[in-house]
Amino acid sequence: MACPRTCRRSIAVSVVFLLSVVLAISLNSKIATSKSFTRPLLTLVHSRDPVRTTTQATQDDIDSQMTHDEVSENWTAWSFESSEQNLDPSPDRGTSPVPDTIHSTTGAPVMVNVPSHAEAFCRCAQLGGTTPPEGLENWAEVELQKLLKEMRERLRLYIYPTDFHCDQRRPKNTNRGYMAEWNFYDRARKSSLRVQDPENASIYYIPTFTSCWRSQGRSRGEGGQQAGKRMQQMLKDVASNFPFFQRNHGQRHIWVSAHDMGKAEPLLVGCKQNTGPSLCSDAALSLTEMLAKNSSALVNTADDAEHTKLESFAAYGFNRHLDVPLVCNGDTSFASRGARVPLTGRPRKNSVFFAGRWDQNYVPVRFIAIRSIMEAKLHKPTSFNKKIGPQAYERSLAESDLCLAPRGSRVWSPRLFEMIWFGCIPVIIASGYHLPASCFFDWREFSIFIEDKDAHKAGQILKTYLDDPKRLEQMRRKVFRIRKTFMWHDEDTNGDAFELALLDVYLKQQRQCG
């Protein structure tokens with residue numbers, strides 16, 4: 001007997017219902033196997049980001065703004081990527097991550113909910129962290145690349161076209177660290193992130209050159225006054241010719257001070273003094289305070305203790321929440337020579353090396369540390385030289401296990417990156433030195449730290465490292481692995497010294513952390 005039309009319709013409905021149930025069970029099963037999946041993650045739009053016009057929006061921008069309801073409506077059209085995907089560079093440590101994308105039927109990737117590691121690293125930068133977030137150390141390199149990519153998409157840099165009163169790129173006998181102000185400026189001018197229209201910018205760069213200005217004086221005191229004068233002139237030019245500095249109360253603005261003067265001295269010399277009235281007008285003082293309290297200074301003298309030394313002018317000192325430590329050596333040719341030194345299994349000639357002044361009357365910490373090392377009974381010879389030629393210096397860097405990077409008149413020294421480039425494990429003797437990119441690189445993995453107060457124990461501390469060849473070899477391999485990151489380049493280069501500094505700016509001045 002033939003089935004009537006109503007019967008056939010009932011059978012078809014039943015089949016469709018059964019197929020729907022099977023698909024739903026299959027989908028739920030796949031969701032359950034994903035370790036941390038809860039719901040689709042919508043791309044965050046940060047209020048600090050520059051407003052983009054409709055013509056600037058990309059298809060990714062449009063896709064990322066789907067509401068939660070829109071995502072749910074399209075839910076059954078999506079399928080998971082393999083749940084076996086693992087982005088952790090060290091899968092034997094910690095839990096495996098969940099996949100970070102799913103794909104629509106057209107193959108277009110759509111973001112899904114993943115552990116919010118980027119937010120943890122963002123908060124680390126804004127809080128001035130000195131190590132990667134606890135428990136997320138293995139994610140640091142992955143998140144660094146993700147945040148660099150995000151920065152390139154969102155940050156737009158405008159350079160104020162002011163007369164910066166400097167035509168001397170490297171004064172005679174200058175410190176190699178002072179070159180960083182020119183390294184940053186040259187890269188900023190060529191950067192693909194640079195915009196010509198300030199209305200399209202998210203970050204504004206005031207091109208300052210404290211090292212150059214300081215060298216224009218005939219004496220140290222006169223040079224300091226000259227730097228302060230130039231700083232005030234730059235601020236006046238920017239504020240009087242453009243609305244952005246005062247509109248933002250100094251926020252979203254950056255400037256560079258590569259000289260030992262650091263952040264405080266160029267500002268204080270120009271406007272403040274320990275006693276008596278201000279040297280500036282009320283308007284100029286207001287601009288200076290905005291710059292000090294709200295902008296980001298990119299400095300070599302990244303001294304966490306600076307604000308405590310300034311007493312009533314503490315706000316003018318280095319602020320780890322806003323300011324950015326630079327890779328304090330701009331000698332690109334030196335870096336290139338160091339990068340050619342290969343990693344070999346051969347033992348190095350010297351146990352400890354240092355070149356430079358270490359007499360007792362110069363920097364006592366240096367003298368105390370070196371005397372302690374000389375008195376320790378180390379298995380291999382040490383090499384301490386107050387004067388040494390360029391070739392012998394580079395050869396010693398390449399032939400030594402440990403190289404000293406003690407504080408000088410300030411916490412930083414360009415030696416630090418020279419030894420890293422040549423594969424020598426640095427020994428940092430400088431309390432309060434806030435190191436570059438410390439939220440993404442755990443400096444303790446490839447450096448030895450000795451507090452100023454423990455300088456007299458330096459020999460004993462270093463002996464424990466030198467007596468453990470396996471540990472020393474692991475540290476040296478890490479130095480070789482990361483050394484090219486801490487180099488300046490002339491052109492856009494992924495994750496180099498320029499990008500590390502700019503990422504710190506992006507996280508501290510532009511991005512909001514979840």
# chains A, B, ... in the order shown; residues from 1 in each chain; ligands from 1
>>> residues_around(residues="segment 421-432 of chain A", least_positions_apart="2", cutoff="6 Å", atoms="only C-alpha atoms", output="compact mmCIF listing (two decimals) with N, CA and C atoms, in the first residue's frame")
# COMPACT_ATOMS: atom_id res chain seq x y z
N ASP A 303 66.56 54.11 35.69
CA ASP A 303 66.92 53.86 37.08
C ASP A 303 65.67 53.97 37.96
N ASP A 304 65.25 52.84 38.51
CA ASP A 304 64.05 52.83 39.34
C ASP A 304 64.20 53.67 40.60
N ALA A 305 65.44 53.93 40.99
CA ALA A 305 65.66 54.70 42.21
C ALA A 305 65.75 56.20 41.95
N ALA A 335 77.53 45.59 16.49
CA ALA A 335 76.56 44.51 16.65
C ALA A 335 76.71 43.47 15.53
N GLY A 338 79.64 41.25 16.21
CA GLY A 338 79.33 40.31 17.28
C GLY A 338 78.46 39.17 16.81
N ALA A 339 77.50 39.48 15.94
CA ALA A 339 76.57 38.46 15.46
C ALA A 339 77.26 37.38 14.65
N LEU A 397 85.79 39.63 24.58
CA LEU A 397 84.36 39.37 24.74
C LEU A 397 83.99 37.97 24.24
N ALA A 398 84.60 37.59 23.11
CA ALA A 398 84.29 36.30 22.50
C ALA A 398 84.97 35.14 23.20
N ASP A 401 83.83 33.59 29.56
CA ASP A 401 82.56 33.02 30.01
C ASP A 401 81.62 34.10 30.52
N LEU A 402 82.14 34.95 31.41
CA LEU A 402 81.34 35.99 32.05
C LEU A 402 81.97 37.34 31.79
N CYS A 403 81.14 38.36 31.54
CA CYS A 403 81.63 39.72 31.33
C CYS A 403 80.90 40.66 32.27
N LEU A 404 81.64 41.54 32.90
CA LEU A 404 81.06 42.44 33.89
C LEU A 404 80.41 43.65 33.24
N ALA A 405 79.19 43.94 33.70
CA ALA A 405 78.48 45.17 33.29
C ALA A 405 78.11 45.93 34.56
N PRO A 406 79.12 46.52 35.23
CA PRO A 406 78.83 47.24 36.47
C PRO A 406 78.34 48.66 36.19
N ARG A 407 77.66 49.24 37.14
CA ARG A 407 77.21 50.61 36.99
C ARG A 407 78.41 51.54 36.88
N VAL A 411 73.23 53.80 36.05
CA VAL A 411 73.06 52.35 36.15
C VAL A 411 73.42 51.61 34.87
N GLU A 418 77.16 44.85 24.17
CA GLU A 418 78.34 44.37 23.45
C GLU A 418 78.67 42.94 23.86
N MET A 419 78.59 42.67 25.14
CA MET A 419 78.89 41.32 25.60
C MET A 419 77.82 40.32 25.14
N SER A 447 71.53 36.10 32.36
CA SER A 447 72.36 37.11 33.02
C SER A 447 72.51 36.76 34.49
N ILE A 448 73.54 37.30 35.09
CA ILE A 448 73.76 37.15 36.53
C ILE A 448 73.61 38.53 37.16
N PHE A 449 72.83 38.62 38.21
CA PHE A 449 72.58 39.90 38.88
C PHE A 449 73.27 39.92 40.24
N ILE A 450 73.97 41.01 40.50
CA ILE A 450 74.58 41.22 41.81
C ILE A 450 74.17 42.61 42.29
N GLU A 451 73.51 42.67 43.42
CA GLU A 451 73.09 43.95 43.98
C GLU A 451 74.33 44.76 44.40
N ASP A 452 74.21 46.07 44.35
CA ASP A 452 75.33 46.93 44.76
C ASP A 452 75.83 46.56 46.15
N VAL A 479 71.82 33.31 25.52
CA VAL A 479 72.40 34.56 25.04
C VAL A 479 72.47 34.56 23.52
N PHE A 480 72.96 33.46 22.95
CA PHE A 480 73.07 33.38 21.50
C PHE A 480 71.70 33.41 20.84
N ARG A 483 70.32 37.30 21.19
CA ARG A 483 71.19 38.47 21.01
C ARG A 483 70.77 39.37 19.85
>>> residues_around(residues="Lys463 of chain A", least_positions_apart="3", cutoff="12 Å", atoms="only C-alpha atoms", output="list in words")
Ser351, Val352, Ser372, Ile373, Met374, Glu375, Ala376, Lys377, Leu378, His379, Lys380, Thr382, Asp401, Leu402, Ile448, Lys457, Ala458, Gly459, Gln460, Leu466, Asp467, Asp468, Pro469 and Leu472 of chain A
>>> write_last_selection(atoms="C-alpha atoms", output="CSV table (one decimal), in the first residue's frame")
chain,number,residue,atom,x,y,z
A,351,SER,CA,86.4,33.0,33.3
A,352,VAL,CA,85.6,36.8,33.8
A,372,SER,CA,86.4,40.3,45.3
A,373,ILE,CA,86.6,38.4,42.0
A,374,MET,CA,90.4,38.6,42.0
A,375,GLU,CA,90.6,37.1,45.4
A,376,ALA,CA,88.3,34.2,44.6
A,377,LYS,CA,90.0,31.0,43.5
A,378,LEU,CA,88.6,30.6,40.0
A,379,HIS,CA,89.6,27.7,37.8
A,380,LYS,CA,90.4,29.8,34.7
A,382,THR,CA,90.4,36.5,34.7
A,401,ASP,CA,82.6,33.0,30.0
A,402,LEU,CA,81.3,36.0,32.0
A,448,ILE,CA,73.8,37.2,36.5
A,457,LYS,CA,80.5,38.8,47.5
A,458,ALA,CA,80.9,39.0,43.7
A,459,GLY,CA,83.8,36.4,43.6
A,460,GLN,CA,81.8,33.9,45.7
A,466,LEU,CA,81.6,28.9,37.0
A,467,ASP,CA,81.6,25.6,39.0
A,468,ASP,CA,78.4,24.5,37.2
A,469,PRO,CA,79.4,24.0,33.5
A,472,LEU,CA,76.7,28.0,32.2
>>> atom_distance(atom1="atom CA of Trp412 of chain A", atom2="atom CA of Thr301 of chain A")
6.1 Å
>>> closest_residue(among="A:Val365, A:Val505, A:Leu435, A:Ile203", to="Gly408 of chain A", atoms="only C-alpha atoms")
A:Val365
>>> residues_around(residues="segment 322-327 of chain A", least_positions_apart="5", cutoff="8 Å", atoms="only C-alpha atoms", output="MDAnalysis selection string")
chainID A and resid 126 128 180 294:302 417 434:436 486:487 497 501 504:505 508:509
